[in-house]
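Engineer: One structure, pasted below without further comment.
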Amino acid sequence: MNRVLKVALLGGVAVSLASCSTVRDALPFGLGGDKEPQATATEGQRISVLEFEQQLAPSAALSGRDFFIPGPQAATAWTQPGGNAENSVEHVIAAPEFKVAWRRGAGAGSSRTRQVMAPVVADNGRVFVLDGESTVSALDAGTGAQAWKVDIKPEEREGGGRGILGLGFGLGISGGGTAGGGFGGGVAVGGGKVFVSSGYRIMTALDQATGAVLWTTPVDVPIHGAPTVSGGRVFVVDVENQIQAFDVNTGAQVWSYRGIPEPARIMRASSPAVVGDTVIAPFSSGEVVALRASTGQAVWQQVLSRTSRTSALSEIRDIAGRPVVSRGTVYAVSHSGVLSAMDIRSGQPKWAPLPIAGVNAPLPVGDVIYVVSKDGELTVVNRDSGQIYWSRDLNEGRVRQEGGYFGMWDRTVRPEWSGPLLASNRLVLTNSDGELVAYDPKTGAQTASIKLGGGAVYLAPAAYNGALYVLTDNGDLVSIR
């Protein structure tokens with residue numbers, strides 16, 4: 001897999017960043033090197049104003065204090081990209097032995113013009129996968145045997161669509177008419193149907209048992225986000241920050257709502273959260289919007305945006321991780337550096353937003369919230385107060401130098417992380433080094449690690465019937481028991 005593409009940013013903003021002389025120090029995931037801003041004292045003592053940005057320290061009041069984590073529960077279905085419609089799964093029984101049970105090829109992997117972006121879902125004894133070429137496969141959850149396989153690409157759009165043009169240092173822009181460009185989208189399961197969103201400008205429903213196409217609805221622009229199904233509707237956000245609701249039986253559009261247009265986005269298949277008659281939509285503009293699921297009427301709106309003088313990429317405001325609804329609170333984190341907890345009825349923040357830049361969904365569990373920053377920092381936040389228990393650098397001991405000639409022009413590589421998920425008293429995450437890594441949820445100490453053997457991994461694991469399922473960037477589905 002071309003690592004450049006997986007962290008590509010879509011839109012014209014990436015082009016302007018490419019010409020900025022400070023972009024090397026501003027790139028995410030350490031792509032620009034390990035040089036840090038330095039305060040220089042020449043006359044007397046000078047204090048850099050940059051030191052006051054991105055302050056995130058453990059609370060002295062929480063030092064040494066324990067927190068509650070509920071016991072694991074059986075995961076008998078994983079029907080949505082976030083497990084359920086709320087995107088909130090606290091603690092599951094999964095992979096108690098933490099060993100690979102089987103590995104199966106589940107379709108095409110990522111390449112220069114296609115991407116594996118869709119989280120897997122599982123139900124009724126099967127795991128459903130959308131590969132890098134917009135082919136949906138149903139595999140037996142116990143053995144990995146393929147039950148059916150369906151290519152959802154429209155015939156007239158084979159080899160067409162919108163592509164990615166790499167800029168050579170982890171950025172990219174969307175391009176028109178490039179081959180194999182209909183990447184993105186995702187799958188969700190509900191009512192005996194598999195719902196598929198696609199970068200080929202279509203929404204599709206398949207029969208869960210046979211894979212037969214039940215309906216296909218064209219849309220105006222590509223959909224890179226994954227769908228969420230609830231209450232007789234399937235919800236999805238397209239690349240122009242429009243959330244659309246479709247009838248699950250007919251595919252007819254029920255309503256749509258358009259947010260603020262934003263050309264730059266992170267390549268992650270985020271999806272809405274739904275609870276009751278409220279749908280929470282994440283947009284690449286940094287907006288979190290609550291709408292009536294039945295009518296599409298807006299209820300409230302918050303913008304999770306924070307401009308940093310140390311990073312030009314803070315202008316990328318995308319909420320690439322799924323918003324999570326738990327105990328009447330919406331948790332969301334933006335790429336520009338805002339973690340917020342908002343009342344689901346009013347949208348009012350529960351506590352002061354924290355300066356955490358992330359591309360993964362937060363994980364509320366018991367008394368705390370686990371969140372991973374885009375720099376690989378795992379932080380534990382008190383759910384009620386927003387205070388910090390502790391933080392851990394997941395990339396400690398994993399940073400390395402690659403490329404270059406004769407020791408020159410090499411680059412610093414820091415793995416990118418996806419997750420976390422709490423499974424059988426382990427906090428598990430995947431990374432771009434192709435690992436599944438387990439940590440103690442109370443202390444953050446690493447307890448186990450598995451090399452998955454299918455290339456890099458950019459998707460968080462899913463839990464179903466006592467197992468974890470991980471889709472690698474090469475298109476391999478791995479079952480861990």
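Chain labels follow the order of the structure tokens: the first chain is A, the next B, and so on; residue numbering restarts at 1 in every chain, and ligands are counted from 1 in their shown order.
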Could you write out, as number ranges by chain, all the residues of range 267-398 of chain A that DSSP marks as strand (DSSP E or B)?

Structural biologist: A: 273-275, 278-282, 287-292, 298-303, 308, 311, 324-326, 329-334, 338-343, 349, 354, 363-365, 368-372, 377-382, 388-393

Engineer: Output the selection as a PDB file, in the first residue's frame - C-alpha atoms for each residue.

Structural biologist:
ATOM      1  CA  ALA A 273     -24.713   8.764  15.001  1.00  0.00           C
ATOM      2  CA  VAL A 274     -28.428   8.216  15.582  1.00  0.00           C
ATOM      3  CA  VAL A 275     -30.384   7.935  18.834  1.00  0.00           C
ATOM      4  CA  THR A 278     -31.931  12.669  16.624  1.00  0.00           C
ATOM      5  CA  VAL A 279     -29.138  12.206  14.097  1.00  0.00           C
ATOM      6  CA  ILE A 280     -25.694  13.695  14.742  1.00  0.00           C
ATOM      7  CA  ALA A 281     -23.874  14.578  11.522  1.00  0.00           C
ATOM      8  CA  PRO A 282     -20.092  15.218  11.338  1.00  0.00           C
ATOM      9  CA  GLU A 287     -19.447  21.329  12.219  1.00  0.00           C
ATOM     10  CA  VAL A 288     -21.385  18.908  14.401  1.00  0.00           C
ATOM     11  CA  VAL A 289     -25.079  19.265  13.581  1.00  0.00           C
ATOM     12  CA  ALA A 290     -28.029  17.643  15.360  1.00  0.00           C
ATOM     13  CA  LEU A 291     -31.088  17.092  13.177  1.00  0.00           C
ATOM     14  CA  ARG A 292     -34.489  15.474  13.466  1.00  0.00           C
ATOM     15  CA  ALA A 298     -31.689  21.258  12.351  1.00  0.00           C
ATOM     16  CA  VAL A 299     -31.859  21.337  16.166  1.00  0.00           C
ATOM     17  CA  TRP A 300     -28.427  22.711  17.084  1.00  0.00           C
ATOM     18  CA  GLN A 301     -24.959  23.183  15.691  1.00  0.00           C
ATOM     19  CA  GLN A 302     -21.436  23.423  17.106  1.00  0.00           C
ATOM     20  CA  VAL A 303     -18.165  24.078  15.278  1.00  0.00           C
ATOM     21  CA  SER A 308      -2.929  26.803  15.908  1.00  0.00           C
ATOM     22  CA  SER A 311       0.437  24.000  12.583  1.00  0.00           C
ATOM     23  CA  VAL A 324     -20.390   9.094  19.708  1.00  0.00           C
ATOM     24  CA  VAL A 325     -23.613   9.390  21.725  1.00  0.00           C
ATOM     25  CA  SER A 326     -23.387   8.047  25.285  1.00  0.00           C
ATOM     26  CA  THR A 329     -23.852  13.379  25.622  1.00  0.00           C
ATOM     27  CA  VAL A 330     -22.282  13.701  22.172  1.00  0.00           C
ATOM     28  CA  TYR A 331     -18.508  13.243  22.058  1.00  0.00           C
ATOM     29  CA  ALA A 332     -16.570  14.361  18.980  1.00  0.00           C
ATOM     30  CA  VAL A 333     -13.008  15.301  18.092  1.00  0.00           C
ATOM     31  CA  SER A 334     -11.777  17.377  15.152  1.00  0.00           C
ATOM     32  CA  VAL A 338     -10.925  20.158  19.653  1.00  0.00           C
ATOM     33  CA  LEU A 339     -12.383  17.343  21.782  1.00  0.00           C
ATOM     34  CA  SER A 340     -15.855  18.332  22.941  1.00  0.00           C
ATOM     35  CA  ALA A 341     -18.651  16.811  25.046  1.00  0.00           C
ATOM     36  CA  MET A 342     -22.046  18.295  24.100  1.00  0.00           C
ATOM     37  CA  ASP A 343     -25.527  17.870  25.530  1.00  0.00           C
ATOM     38  CA  PRO A 349     -20.623  21.859  25.964  1.00  0.00           C
ATOM     39  CA  LEU A 354      -9.775  19.947  25.203  1.00  0.00           C
ATOM     40  CA  LEU A 363     -14.437   5.849  23.318  1.00  0.00           C
ATOM     41  CA  PRO A 364     -16.607   6.598  26.391  1.00  0.00           C
ATOM     42  CA  VAL A 365     -16.376   3.722  28.887  1.00  0.00           C
ATOM     43  CA  VAL A 368     -13.793   7.901  31.383  1.00  0.00           C
ATOM     44  CA  ILE A 369     -13.281   8.688  27.714  1.00  0.00           C
ATOM     45  CA  TYR A 370     -10.355   7.230  25.774  1.00  0.00           C
ATOM     46  CA  VAL A 371      -9.141   9.252  22.811  1.00  0.00           C
ATOM     47  CA  VAL A 372      -6.133   8.895  20.485  1.00  0.00           C
ATOM     48  CA  GLU A 377      -1.063  10.064  22.104  1.00  0.00           C
ATOM     49  CA  LEU A 378      -3.566   7.955  24.078  1.00  0.00           C
ATOM     50  CA  THR A 379      -5.360  10.116  26.660  1.00  0.00           C
ATOM     51  CA  VAL A 380      -7.850   9.189  29.382  1.00  0.00           C
ATOM     52  CA  VAL A 381     -10.368  11.921  30.244  1.00  0.00           C
ATOM     53  CA  ASN A 382     -12.782  12.079  33.159  1.00  0.00           C
ATOM     54  CA  ILE A 388      -7.029  14.255  32.395  1.00  0.00           C
ATOM     55  CA  TYR A 389      -6.049  11.075  34.235  1.00  0.00           C
ATOM     56  CA  TRP A 390      -3.011  10.223  32.124  1.00  0.00           C
ATOM     57  CA  SER A 391      -1.578  10.219  28.599  1.00  0.00           C
ATOM     58  CA  ARG A 392       0.673   7.691  26.892  1.00  0.00           C
ATOM     59  CA  ASP A 393       2.751   8.037  23.729  1.00  0.00           C
TER      60      ASP A 393
END

Engineer: If we count only C-alpha atoms and set the cut-off at 12 Å, which residues sit around Val127 in chain A, ignoring sequence neighbours fewer than 3 positions away in its own chain? Please answer as a ChimeraX atom specification.

Structural biologist: /A:77-81,104,106,119-124,130,136-149,187-189,194,208-209,462-465,467-471,477-479

Engineer: Which residues, written as a PDB file with C-alpha atoms, in the first residue's frame, have at least one atom at most 12 Å from Gly397 in chain A, with only C-alpha atoms counted and residues fewer than 2 positions away on the same chain left out?

Structural biologist:
ATOM      1  CA  ASP A 393       2.751   8.037  23.729  1.00  0.00           C
ATOM      2  CA  LEU A 394       1.818   4.958  21.673  1.00  0.00           C
ATOM      3  CA  ASN A 395       4.756   5.567  19.339  1.00  0.00           C
ATOM      4  CA  VAL A 399       9.625   5.910  15.638  1.00  0.00           C
ATOM      5  CA  ARG A 400      12.174   5.164  12.919  1.00  0.00           C
ATOM      6  CA  VAL A 413       8.136   7.599  10.393  1.00  0.00           C
ATOM      7  CA  ARG A 414       5.611   7.440  13.211  1.00  0.00           C
ATOM      8  CA  PRO A 415       2.896   4.786  12.993  1.00  0.00           C
ATOM      9  CA  GLN A 446       1.278  -2.442  26.742  1.00  0.00           C
TER      10      GLN A 446
END

Engineer: From range 268-480 of chain A, collect each residue whose DSSP state is helix (DSSP H, G or I) and return the set as number ranges by chain.

Structural biologist: A: 312-315

Engineer: What's around Trp215 in chain A at 9 Å? Count only C-alpha atoms, leave out sequence neighbours fewer than 4 positions away in its own chain, and write the answer as a list in words.

Structural biologist: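 The residues that qualify are Met203, Thr204, Ala205, Leu206, Asn249, Thr250 and Gly251 of chain A.
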
Engineer: Please, could you write that set of residues out with N, CA, C and O atoms as a compact mmCIF listing (two decimals), in the first residue's frame?

Structural biologist:
# COMPACT_ATOMS: atom_id res chain seq x y z
N MET A 203 -26.10 4.96 -3.88
CA MET A 203 -26.44 4.22 -2.67
C MET A 203 -27.11 2.92 -3.11
O MET A 203 -27.93 2.92 -4.03
N THR A 204 -26.74 1.82 -2.45
CA THR A 204 -27.21 0.50 -2.87
C THR A 204 -27.67 -0.30 -1.66
O THR A 204 -27.08 -0.20 -0.58
N ALA A 205 -28.72 -1.09 -1.85
CA ALA A 205 -29.16 -2.05 -0.83
C ALA A 205 -29.09 -3.45 -1.42
O ALA A 205 -29.58 -3.70 -2.53
N LEU A 206 -28.46 -4.37 -0.67
CA LEU A 206 -28.33 -5.76 -1.09
C LEU A 206 -29.10 -6.66 -0.13
O LEU A 206 -29.23 -6.34 1.06
N ASN A 249 -36.50 0.74 2.39
CA ASN A 249 -37.22 -0.22 1.55
C ASN A 249 -37.19 0.15 0.07
O ASN A 249 -37.14 -0.74 -0.79
N THR A 250 -37.21 1.44 -0.24
CA THR A 250 -37.30 1.87 -1.63
C THR A 250 -36.05 2.56 -2.16
O THR A 250 -35.86 2.66 -3.37
N GLY A 251 -35.23 3.10 -1.26
CA GLY A 251 -34.07 3.86 -1.68
C GLY A 251 -34.37 5.31 -2.00
O GLY A 251 -33.46 6.06 -2.37
